[in-house]
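Listing of my_file_36.cif; format and content: mmCIF, C-alpha atoms.
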```
data_target
loop_
_atom_site.label_atom_id
_atom_site.label_comp_id
_atom_site.auth_asym_id
_atom_site.auth_seq_id
_atom_site.Cartn_x
_atom_site.Cartn_y
_atom_site.Cartn_z
CA MET A 183 -90.69 -61.79 66.22
CA LYS A 184 -92.42 -63.06 69.33
CA LEU A 185 -92.95 -66.68 70.32
CA GLY A 186 -96.29 -68.24 71.24
CA LEU A 187 -97.06 -71.67 72.65
CA GLN A 188 -99.76 -73.41 70.62
CA LEU A 189 -101.72 -75.76 72.89
CA GLY A 190 -104.13 -76.73 70.10
CA TYR A 191 -107.26 -78.74 70.83
CA TRP A 192 -107.54 -81.99 72.74
CA GLY A 193 -107.60 -85.50 71.38
CA ALA A 194 -109.56 -88.29 73.03
CA GLN A 195 -108.47 -87.19 76.52
CA PRO A 196 -107.11 -84.01 78.12
CA PRO A 197 -103.34 -83.82 77.50
CA ASP A 198 -100.87 -84.31 80.32
CA GLY A 199 -98.21 -81.84 81.36
CA VAL A 200 -99.81 -78.70 79.94
CA GLY A 201 -99.40 -76.79 83.20
CA GLU A 202 -95.65 -77.36 83.09
CA LEU A 203 -95.52 -76.27 79.43
CA VAL A 204 -97.38 -73.05 80.18
CA ALA A 205 -95.21 -72.26 83.20
CA ALA A 206 -92.08 -72.87 81.15
CA ALA A 207 -93.35 -70.64 78.36
CA GLU A 208 -93.97 -67.77 80.77
CA ASP A 209 -90.58 -68.21 82.45
CA ALA A 210 -88.75 -68.51 79.12
CA GLY A 211 -90.13 -65.25 77.74
CA PHE A 212 -92.79 -66.53 75.35
CA ASP A 213 -95.24 -63.77 74.50
CA ALA A 214 -98.45 -65.82 74.47
CA ILE A 215 -100.21 -69.14 74.83
CA PHE A 216 -102.98 -70.10 72.41
CA SER A 217 -105.65 -72.78 72.49
CA ALA A 218 -107.89 -74.06 69.71
CA GLU A 219 -111.16 -75.92 69.22
CA ALA A 220 -112.65 -78.34 66.71
CA TRP A 221 -115.59 -80.48 67.87
CA GLY A 222 -114.41 -81.57 71.31
CA SER A 223 -112.60 -79.28 73.74
CA ASP A 224 -113.40 -75.57 73.58
CA ALA A 225 -110.87 -72.76 73.23
CA PHE A 226 -111.74 -70.56 76.22
CA THR A 227 -111.78 -72.98 79.16
CA PRO A 228 -108.16 -74.20 78.84
CA LEU A 229 -106.96 -70.59 78.77
CA ALA A 230 -108.88 -69.81 81.95
CA TRP A 231 -107.67 -72.99 83.66
CA TRP A 232 -103.98 -72.99 82.76
CA GLY A 233 -103.73 -69.24 82.35
CA ARG A 234 -104.67 -68.65 85.98
CA GLU A 235 -101.11 -69.53 87.00
CA THR A 236 -99.61 -66.95 84.65
CA SER A 237 -99.23 -63.19 84.99
CA ARG A 238 -97.55 -62.00 81.81
CA VAL A 239 -98.25 -64.10 78.70
CA ARG A 240 -101.12 -63.16 76.45
CA LEU A 241 -104.00 -65.65 76.27
CA GLY A 242 -105.25 -66.24 72.76
CA THR A 243 -107.78 -68.37 70.92
CA SER A 244 -106.75 -69.83 67.60
CA ILE A 245 -109.45 -70.11 66.76
CA VAL A 246 -112.95 -69.71 68.21
CA GLN A 247 -115.49 -71.05 65.72
CA MET A 248 -117.98 -68.27 65.12
CA SER A 249 -120.94 -70.53 64.48
CA GLY A 250 -120.55 -72.21 67.86
CA ARG A 251 -121.69 -69.11 69.75
CA THR A 252 -123.63 -65.97 69.02
CA PRO A 253 -121.50 -62.84 68.59
CA THR A 254 -122.64 -61.46 71.95
CA SER A 255 -121.76 -64.76 73.63
CA ILE A 256 -118.26 -64.61 72.13
CA ALA A 257 -117.92 -61.08 73.45
CA MET A 258 -119.05 -62.21 76.92
CA HIS A 259 -116.38 -64.92 76.98
CA ALA A 260 -113.71 -62.48 75.88
CA LEU A 261 -114.57 -59.67 78.27
CA THR A 262 -114.84 -62.10 81.20
CA LEU A 263 -111.46 -63.71 80.56
CA ASP A 264 -109.92 -60.31 79.87
CA HIS A 265 -110.94 -59.17 83.36
CA LEU A 266 -109.67 -62.37 84.99
CA SER A 267 -106.34 -62.10 83.18
CA HIS A 268 -105.95 -58.33 83.72
CA GLY A 269 -106.12 -57.47 80.03
CA ARG A 270 -104.22 -60.26 78.30
CA VAL A 271 -106.80 -61.72 75.90
CA VAL A 272 -106.36 -62.00 72.14
CA LEU A 273 -109.62 -63.03 70.50
CA GLY A 274 -108.87 -65.23 67.51
CA MET A 275 -111.96 -66.23 65.48
CA GLY A 276 -112.78 -68.02 62.26
CA VAL A 277 -115.66 -69.44 60.24
CA SER A 278 -114.48 -73.09 60.27
CA GLY A 279 -115.97 -75.16 57.41
CA PRO A 280 -119.38 -76.43 56.29
CA GLN A 281 -118.92 -79.94 57.66
CA VAL A 282 -118.42 -78.58 61.18
CA VAL A 283 -120.75 -75.59 60.97
CA GLU A 284 -123.70 -77.49 59.55
CA GLY A 285 -122.89 -80.95 60.89
CA TRP A 286 -121.85 -80.06 64.45
CA TYR A 287 -123.37 -76.67 65.20
CA GLY A 288 -126.47 -77.04 63.03
CA GLN A 289 -126.02 -73.62 61.48
CA PRO A 290 -125.94 -72.55 57.81
CA PHE A 291 -122.47 -72.00 56.37
CA SER A 292 -123.40 -69.68 53.52
CA LYS A 293 -122.02 -66.13 53.24
CA PRO A 294 -118.96 -66.67 55.49
CA LEU A 295 -117.41 -63.27 54.70
CA ALA A 296 -120.58 -61.34 55.48
CA ARG A 297 -121.10 -63.33 58.66
CA THR A 298 -117.53 -62.65 59.75
CA ARG A 299 -117.96 -58.92 59.25
CA GLU A 300 -121.16 -58.91 61.33
CA VAL A 301 -119.61 -60.94 64.14
CA VAL A 302 -116.64 -58.60 64.40
CA GLU A 303 -118.87 -55.51 64.37
CA ILE A 304 -121.14 -56.88 67.11
CA VAL A 305 -118.27 -58.01 69.32
CA ARG A 306 -116.72 -54.56 69.06
CA LYS A 307 -120.04 -52.91 69.94
CA VAL A 308 -120.33 -55.05 73.07
CA LEU A 309 -116.78 -54.25 74.16
CA ALA A 310 -117.16 -50.53 73.45
CA ARG A 311 -120.28 -50.44 75.67
CA GLU A 312 -121.40 -47.13 74.21
CA GLY A 313 -125.06 -48.08 74.23
CA PRO A 314 -127.52 -50.94 73.74
CA VAL A 315 -126.23 -53.31 71.09
CA THR A 316 -128.27 -53.54 67.89
CA ASN A 317 -127.51 -55.02 64.49
CA ASP A 318 -129.44 -54.65 61.27
CA GLY A 319 -127.49 -57.32 59.39
CA PRO A 320 -129.28 -60.37 58.04
CA HIS A 321 -127.18 -62.97 59.84
CA TYR A 322 -127.28 -61.85 63.46
CA PRO A 323 -130.18 -59.38 63.82
CA LEU A 324 -130.41 -57.73 67.22
CA PRO A 325 -133.06 -57.68 68.53
CA TYR A 326 -134.15 -60.86 66.73
CA ASP A 327 -137.40 -60.39 64.83
CA GLY A 328 -137.43 -63.40 62.52
CA PRO A 329 -139.48 -66.62 62.51
CA GLY A 330 -140.55 -67.64 66.00
CA ALA A 331 -139.87 -64.24 67.56
CA VAL A 332 -142.40 -63.08 70.16
CA GLY A 333 -141.58 -59.43 69.56
CA LEU A 334 -140.24 -58.66 73.02
CA GLY A 335 -136.53 -58.51 72.25
CA LYS A 336 -134.85 -55.56 73.89
CA PRO A 337 -131.51 -53.99 72.92
CA LEU A 338 -129.07 -54.46 75.80
CA LYS A 339 -125.55 -53.47 76.72
CA PRO A 340 -123.29 -55.62 78.88
CA ILE A 341 -123.79 -55.45 82.64
CA VAL A 342 -120.04 -55.82 83.13
CA HIS A 343 -117.93 -52.88 82.06
CA PRO A 344 -115.24 -54.40 79.81
CA LEU A 345 -111.72 -53.93 81.05
CA ARG A 346 -110.64 -52.99 77.53
CA ALA A 347 -112.97 -51.48 74.98
CA ASP A 348 -110.88 -52.80 72.12
CA ILE A 349 -109.61 -56.36 72.74
CA PRO A 350 -107.41 -57.40 69.79
CA ILE A 351 -109.33 -59.46 67.25
CA TRP A 352 -107.35 -61.77 65.00
CA LEU A 353 -109.03 -63.77 62.26
CA GLY A 354 -108.25 -67.12 60.72
CA ALA A 355 -108.44 -66.76 56.93
CA GLU A 356 -107.28 -68.81 53.96
CA GLY A 357 -108.64 -67.57 50.63
CA PRO A 358 -107.97 -64.27 48.79
CA ARG A 359 -111.21 -62.51 49.72
CA ASN A 360 -111.11 -63.69 53.33
CA VAL A 361 -107.49 -62.61 53.80
CA ALA A 362 -108.21 -59.19 52.28
CA GLN A 363 -111.19 -58.71 54.59
CA THR A 364 -109.05 -59.73 57.55
CA ALA A 365 -106.51 -57.04 56.71
CA GLU A 366 -109.37 -54.54 56.49
CA ILE A 367 -111.35 -55.26 59.68
CA ALA A 368 -109.06 -57.16 62.07
CA ASP A 369 -106.02 -56.44 64.22
CA GLY A 370 -104.19 -59.58 63.17
CA TRP A 371 -104.25 -62.67 61.00
CA ILE A 372 -103.86 -66.33 61.95
CA PRO A 373 -102.99 -68.07 58.70
CA ILE A 374 -102.94 -71.84 58.33
CA PHE A 375 -100.03 -73.51 56.53
CA TYR A 376 -98.28 -70.16 56.06
CA THR A 377 -94.63 -70.60 55.05
CA PRO A 378 -91.81 -68.33 53.91
CA LYS A 379 -92.07 -69.92 50.45
CA SER A 380 -95.79 -69.17 50.12
CA ALA A 381 -95.70 -65.77 51.83
CA GLY A 382 -95.53 -63.83 48.57
CA MET A 383 -98.89 -65.23 47.49
CA TYR A 384 -100.63 -63.47 50.36
CA GLN A 385 -99.07 -60.02 50.04
CA PRO A 386 -101.42 -58.63 47.32
CA TRP A 387 -104.43 -59.93 49.25
CA LEU A 388 -103.25 -58.22 52.43
CA ASP A 389 -102.42 -55.01 50.56
CA GLU A 390 -105.93 -54.94 49.10
CA GLY A 391 -107.42 -55.03 52.60
CA PHE A 392 -105.07 -52.41 54.02
CA ALA A 393 -105.94 -50.08 51.14
CA ARG A 394 -109.69 -50.19 51.74
CA GLU A 395 -111.38 -47.12 53.17
CA GLY A 396 -111.72 -47.40 56.94
CA ALA A 397 -109.14 -50.19 57.34
CA ARG A 398 -108.20 -50.49 61.01
CA ARG A 399 -104.53 -51.26 60.57
CA THR A 400 -101.58 -50.86 58.27
CA ARG A 401 -98.89 -53.41 57.58
CA ALA A 402 -96.77 -51.67 60.23
CA ASP A 403 -99.12 -52.44 63.14
CA PHE A 404 -100.89 -55.56 61.87
CA GLU A 405 -99.99 -58.85 63.54
CA ILE A 406 -99.42 -62.13 61.70
CA ALA A 407 -99.33 -65.23 63.90
CA ALA A 408 -98.13 -68.26 61.93
CA THR A 409 -98.14 -71.78 63.34
CA CYS A 410 -95.42 -74.36 62.85
CA HIS A 411 -93.77 -77.22 64.70
CA LEU A 412 -90.26 -76.21 65.69
CA GLN A 413 -87.94 -78.89 67.01
CA ILE A 414 -84.20 -78.88 67.55
CA THR A 415 -82.68 -82.23 66.68
CA SER A 416 -79.21 -83.58 67.41
CA ASN A 417 -78.66 -85.85 64.39
CA GLU A 418 -80.09 -86.78 61.01
CA GLU A 419 -81.85 -89.90 62.29
CA GLU A 420 -83.76 -87.87 64.87
CA ARG A 421 -84.62 -85.22 62.28
CA ARG A 422 -85.93 -87.85 59.89
CA GLY A 423 -88.10 -89.28 62.66
CA VAL A 424 -89.70 -85.90 63.34
CA ILE A 425 -90.35 -85.33 59.62
CA GLU A 426 -92.18 -88.65 59.42
CA MET A 427 -94.11 -87.89 62.61
CA LEU A 428 -95.50 -84.69 61.09
CA LYS A 429 -96.80 -86.23 57.87
CA PRO A 430 -100.06 -87.78 59.21
CA SER A 431 -101.33 -84.40 60.38
CA ILE A 432 -100.66 -82.86 56.96
CA ALA A 433 -102.46 -85.75 55.28
CA LEU A 434 -105.43 -85.25 57.62
CA TYR A 435 -105.86 -81.60 56.70
CA MET A 436 -105.16 -82.12 53.02
CA GLY A 437 -107.41 -85.14 52.67
CA GLY A 438 -109.86 -85.38 55.53
CA MET A 439 -110.63 -81.97 57.02
CA GLY A 440 -113.49 -81.14 54.71
CA ALA A 441 -115.76 -82.69 52.12
CA LYS A 442 -114.48 -83.88 48.75
CA GLU A 443 -116.49 -81.10 47.10
CA GLN A 444 -115.20 -78.40 49.43
CA ASN A 445 -111.98 -78.62 51.45
CA PHE A 446 -110.52 -75.18 52.14
CA HIS A 447 -107.32 -76.67 53.52
CA LYS A 448 -106.75 -78.72 50.38
CA ASN A 449 -107.24 -75.51 48.39
CA VAL A 450 -104.39 -73.91 50.31
CA PHE A 451 -102.07 -76.80 49.47
CA ASP A 452 -103.13 -76.47 45.83
CA ARG A 453 -102.17 -72.80 45.86
CA MET A 454 -98.85 -73.71 47.49
CA GLY A 455 -98.03 -75.81 44.44
CA TYR A 456 -98.84 -79.32 45.64
CA ASP A 457 -101.89 -79.85 43.43
CA ALA A 458 -100.19 -82.85 41.82
CA ILE A 459 -100.80 -84.91 44.97
CA THR A 460 -103.76 -83.33 46.76
CA GLU A 461 -106.49 -85.10 44.79
CA ARG A 462 -104.93 -88.51 45.38
CA VAL A 463 -104.27 -87.83 49.07
CA GLN A 464 -107.89 -86.80 49.52
CA GLU A 465 -109.17 -89.82 47.60
CA LEU A 466 -107.12 -92.24 49.71
CA PHE A 467 -107.94 -90.52 52.97
CA LEU A 468 -111.67 -90.48 52.35
CA ASP A 469 -111.49 -94.17 51.38
CA GLY A 470 -110.04 -94.92 54.81
CA LYS A 471 -106.52 -95.56 53.46
CA ARG A 472 -104.79 -93.11 55.77
CA GLU A 473 -101.38 -94.74 55.74
CA GLU A 474 -101.31 -94.70 51.95
CA ALA A 475 -102.39 -91.05 51.96
CA THR A 476 -99.67 -90.18 54.46
CA ALA A 477 -97.04 -91.94 52.37
CA LEU A 478 -97.70 -89.45 49.55
CA ILE A 479 -96.76 -86.42 51.65
CA PRO A 480 -93.32 -85.30 50.42
CA ASP A 481 -90.48 -84.37 52.74
CA ASP A 482 -90.23 -81.00 51.00
CA LEU A 483 -93.73 -80.03 52.10
CA VAL A 484 -93.02 -80.93 55.74
CA GLU A 485 -89.78 -78.97 55.68
CA GLU A 486 -91.55 -75.99 54.09
CA MET A 487 -94.25 -75.96 56.80
CA HIS A 488 -92.15 -76.74 59.87
CA ILE A 489 -88.71 -76.03 61.32
CA VAL A 490 -86.80 -79.18 62.23
CA GLY A 491 -83.03 -79.45 62.45
CA ASP A 492 -79.98 -78.47 64.46
CA ALA A 493 -79.75 -75.19 66.35
CA GLY A 494 -78.08 -73.31 63.52
CA TYR A 495 -80.67 -74.41 60.98
CA VAL A 496 -83.51 -73.54 63.34
CA LYS A 497 -82.22 -70.01 63.89
CA GLU A 498 -81.78 -69.50 60.15
CA ARG A 499 -85.26 -70.76 59.30
CA ALA A 500 -86.95 -68.79 62.08
CA ALA A 501 -85.31 -65.65 60.72
CA ALA A 502 -86.73 -66.46 57.28
CA TRP A 503 -90.27 -66.57 58.72
CA GLU A 504 -89.71 -63.23 60.45
CA GLU A 505 -88.48 -61.61 57.23
CA THR A 506 -91.86 -62.31 55.59
CA GLY A 507 -93.72 -60.22 58.19
CA VAL A 508 -94.59 -62.85 60.78
CA THR A 509 -94.84 -61.10 64.15
CA THR A 510 -95.58 -64.19 66.28
CA LEU A 511 -94.50 -67.76 65.66
CA LEU A 512 -96.96 -70.15 67.31
CA LEU A 513 -95.07 -73.31 68.23
CA SER A 514 -96.16 -76.72 69.39
CA CYS A 515 -93.76 -78.03 72.04
CA ARG A 516 -93.85 -81.34 73.90
CA SER A 517 -91.97 -80.64 77.12
CA ALA A 518 -90.84 -77.82 79.38
CA ASP A 519 -87.23 -78.56 78.47
CA GLU A 520 -88.10 -78.17 74.79
CA VAL A 521 -89.82 -74.84 75.49
CA ARG A 522 -86.68 -73.56 77.22
CA GLN A 523 -84.40 -74.89 74.50
CA VAL A 524 -86.46 -73.22 71.78
CA ALA A 525 -86.48 -69.90 73.63
CA GLU A 526 -82.71 -69.98 74.14
CA THR A 527 -82.10 -70.82 70.49
CA VAL A 528 -84.60 -68.58 68.74
CA ALA A 529 -85.31 -65.63 71.01
#
```
Show this structure as structure tokens.
Amino acid sequence: MKLGLQLGYWGAQPPDGVGELVAAAEDAGFDAIFSAEAWGSDAFTPLAWWGRETSRVRLGTSIVQMSGRTPTSIAMHALTLDHLSHGRVVLGMGVSGPQVVEGWYGQPFSKPLARTREVVEIVRKVLAREGPVTNDGPHYPLPYDGPGAVGLGKPLKPIVHPLRADIPIWLGAEGPRNVAQTAEIADGWIPIFYTPKSAGMYQPWLDEGFAREGARRTRADFEIAATCHLQITSNEEERRGVIEMLKPSIALYMGGMGAKEQNFHKNVFDRMGYDAITERVQELFLDGKREEATALIPDDLVEEMHIVGDAGYVKERAAAWEETGVTTLLLSCRSADEVRQVAETVA
């Protein structure tokens, strides 16, 4: 199992010390660095900025929101960064949710599976550069001939010859149908809230995708990149402090990252067996009672999702994640010393 550094997305201001984290990750033998986006910082620019000082680690997005760019624009970003990094890009993409897609990007959210399939197909056509790119699908027709078209659209192929005709595409997916499609059409999967305890739930969904005619990968060469916070603590008091520190983020995703009528993250927690608290957490969070919502998050859930404890415990838990098929563990680290300590303990 490889290690990745998860840089995430920014808060109110750009984070400090990221350059040192990235340098430490490369020196310590991490396989990759990943950046994310929500509705603030984008996923590509931090990789170009901080990745310029690296020469070995892969540069991944986890994830690029498909509705924020056209498929050909996503492909342009990927092929450009792949050239600049000498072939180290991993293109992680996902559909996000209706609040962001319709509220931030002003795009319709309907038919997320069909849209995902079209985006992946178009991106691969651009990167293959075998001819002018066209698409007959209803979501991203190329050339565009819908309302407002002037009828002069011309099929094009990229001016730049992509360095790699087949940049790895990993997809963020949560539900049964989305996970199965990911196993069918992608090179890897970026699950959210994946844990060793919940891993068995996903296996039939993955197997369904691998069994489909034309599936790109098998379980043997398919990558699974799971995210968790891993922290080595020296005593019980420190461990307890980290557990408490992680609860607000869980409450945010369970209760606030989505509408009351449709919160895909809450649905994942329901499937994980925490449906006894999810409704109340969401109700409190949406009422602005964030501290009360956070107080409902049980220690067991934090310990299921993250790895916090002494060195022996950390090694044991990391091995449990690997046994479920995780090929890359994406870790959030706070300092260069922590990056080195994690690498020495786990790798």
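The list of residues with at least one atom within 8 Å of range 435-445 of chain A, based on only C-alpha atoms and without residues fewer than 4 positions apart in the same chain, reads Gly279, Pro280, Gln281, Ser431, Asn449, Phe451, Thr460, Glu461, Val463, Gln464, Glu465, Leu466, Phe467, Leu468 and Ala475 of chain A.
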Item to check | Answer key for the PyMOL selection byres ((chain A and resi 414) around 6), residues as a PyMOL selection string | outcome: chain A and resi 413+415+490-493
Next on the checklist: Need the shell around Gly233 in chain A: protein/DNA/RNA residues with any atom at most 9 Å away, counting only C-alpha atoms. Skip same-chain ones fewer than 3 positions apart. Format as a list in words?
Outcome noted: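 After dropping sequence-adjacent residues, the list is Gly201, Val204, Ile215, Pro228, Leu229, Ala230, Thr236, Ser237, Val239, Arg240, Leu241 and Ser267 of chain A.
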Item to check | Separation of CA of Tyr322 in chain A from CA of Thr364 in chain A, in Å and rounded to one decimal | outcome: 19.3 Å
Checklist entry - Using all atoms listed in the file, which residues sit within 7 Å of range 366-375 of chain A once same-chain residues fewer than 4 positions away are excluded, as a VMD selection string? => result chain A and resid 350 to 356 362 391 to 392 394 397 to 399 404 to 409 487
Write a file of the selected residues as a CSV table (one decimal), in the frame of the given file, keeping C-alpha atoms.
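Written file, selection29.csv:
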```
chain,number,residue,atom,x,y,z
A,350,PRO,CA,-107.4,-57.4,69.8
A,351,ILE,CA,-109.3,-59.5,67.2
A,352,TRP,CA,-107.4,-61.8,65.0
A,353,LEU,CA,-109.0,-63.8,62.3
A,354,GLY,CA,-108.2,-67.1,60.7
A,355,ALA,CA,-108.4,-66.8,56.9
A,356,GLU,CA,-107.3,-68.8,54.0
A,362,ALA,CA,-108.2,-59.2,52.3
A,391,GLY,CA,-107.4,-55.0,52.6
A,392,PHE,CA,-105.1,-52.4,54.0
A,394,ARG,CA,-109.7,-50.2,51.7
A,397,ALA,CA,-109.1,-50.2,57.3
A,398,ARG,CA,-108.2,-50.5,61.0
A,399,ARG,CA,-104.5,-51.3,60.6
A,404,PHE,CA,-100.9,-55.6,61.9
A,405,GLU,CA,-100.0,-58.8,63.5
A,406,ILE,CA,-99.4,-62.1,61.7
A,407,ALA,CA,-99.3,-65.2,63.9
A,408,ALA,CA,-98.1,-68.3,61.9
A,409,THR,CA,-98.1,-71.8,63.3
A,487,MET,CA,-94.2,-76.0,56.8
```
Checklist entry - Which residues come within 10 Å of range 504-516 of chain A, counting only C-alpha atoms, excluding same-chain residues fewer than 3 positions away, as a ChimeraX atom specification? => result /A:183-190,198-200,203,207,212-216,244,370-372,376-382,385,401-413,488-489,499-501,519-522,524
Item to check | Ground truth for the PyMOL selection byres ((chain A and resi 478) around 9), written as a VMD selection string | outcome: chain A and resid 429 433 459 462 to 463 473 to 477 479 to 480
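Once only C-alpha atoms are considered, the residues situated within 10 Å of the file point (-121.8, -49.9, 74.9) turn out to be Arg306, Lys307, Val308, Leu309, Ala310, Arg311, Glu312, Gly313, Pro314, Val315, Leu338, Lys339, Pro340, Ile341, His343, Pro344 and Ala347 of chain A.
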Those same residues - C-alpha atoms - I'd like them written as a tab-separated table (two decimals), in the coordinates of the input.
```
chain	number	residue	atom	x	y	z
A	306	ARG	CA	-116.72	-54.56	69.06
A	307	LYS	CA	-120.04	-52.91	69.94
A	308	VAL	CA	-120.33	-55.05	73.07
A	309	LEU	CA	-116.78	-54.25	74.16
A	310	ALA	CA	-117.16	-50.53	73.45
A	311	ARG	CA	-120.28	-50.44	75.67
A	312	GLU	CA	-121.40	-47.13	74.21
A	313	GLY	CA	-125.06	-48.08	74.23
A	314	PRO	CA	-127.52	-50.94	73.74
A	315	VAL	CA	-126.23	-53.31	71.09
A	338	LEU	CA	-129.07	-54.46	75.80
A	339	LYS	CA	-125.55	-53.47	76.72
A	340	PRO	CA	-123.29	-55.62	78.88
A	341	ILE	CA	-123.79	-55.45	82.64
A	343	HIS	CA	-117.93	-52.88	82.06
A	344	PRO	CA	-115.24	-54.40	79.81
A	347	ALA	CA	-112.97	-51.48	74.98
```
Next on the checklist: Report, in Å to a single decimal, how far apart CA of Ile349 in chain A and CA of Gly250 in chain A are.
Outcome noted: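 For CA of Gly250 in chain A relative to CA of Ile349 in chain A, the distance reads 19.9 Å.
CA of Met248 in chain A is positioned 11.6 Å from CA of Pro290 in chain A.
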Would you kindly translate the PyMOL selection byres ((chain A and resi 252) around 12) into the concrete residues it picks from this file, as a short mmCIF file (atom, residue, chain, number, x, y, z; two decimals) with C-alpha atoms, in the frame of the given file?
```cif
data_model
loop_
_atom_site.label_atom_id
_atom_site.label_comp_id
_atom_site.auth_asym_id
_atom_site.auth_seq_id
_atom_site.Cartn_x
_atom_site.Cartn_y
_atom_site.Cartn_z
CA VAL A 246 -112.95 -69.71 68.21
CA GLN A 247 -115.49 -71.05 65.72
CA MET A 248 -117.98 -68.27 65.12
CA SER A 249 -120.94 -70.53 64.48
CA GLY A 250 -120.55 -72.21 67.86
CA ARG A 251 -121.69 -69.11 69.75
CA PRO A 253 -121.50 -62.84 68.59
CA THR A 254 -122.64 -61.46 71.95
CA SER A 255 -121.76 -64.76 73.63
CA ILE A 256 -118.26 -64.61 72.13
CA ALA A 257 -117.92 -61.08 73.45
CA MET A 258 -119.05 -62.21 76.92
CA HIS A 259 -116.38 -64.92 76.98
CA TYR A 287 -123.37 -76.67 65.20
CA GLN A 289 -126.02 -73.62 61.48
CA ARG A 297 -121.10 -63.33 58.66
CA THR A 298 -117.53 -62.65 59.75
CA GLU A 300 -121.16 -58.91 61.33
CA VAL A 301 -119.61 -60.94 64.14
CA VAL A 302 -116.64 -58.60 64.40
CA ILE A 304 -121.14 -56.88 67.11
CA VAL A 305 -118.27 -58.01 69.32
CA HIS A 321 -127.18 -62.97 59.84
CA TYR A 322 -127.28 -61.85 63.46
CA PRO A 323 -130.18 -59.38 63.82
CA LEU A 324 -130.41 -57.73 67.22
CA TYR A 326 -134.15 -60.86 66.73
#
```
Checklist entry - Which residue out of A:Lys336, A:Arg234, A:Arg346, A:Lys293 has the minimum interatomic distance to Asp264 in chain A when all atoms listed in the file are used? => result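 The closest residue to Asp264 in chain A is A:Arg346.
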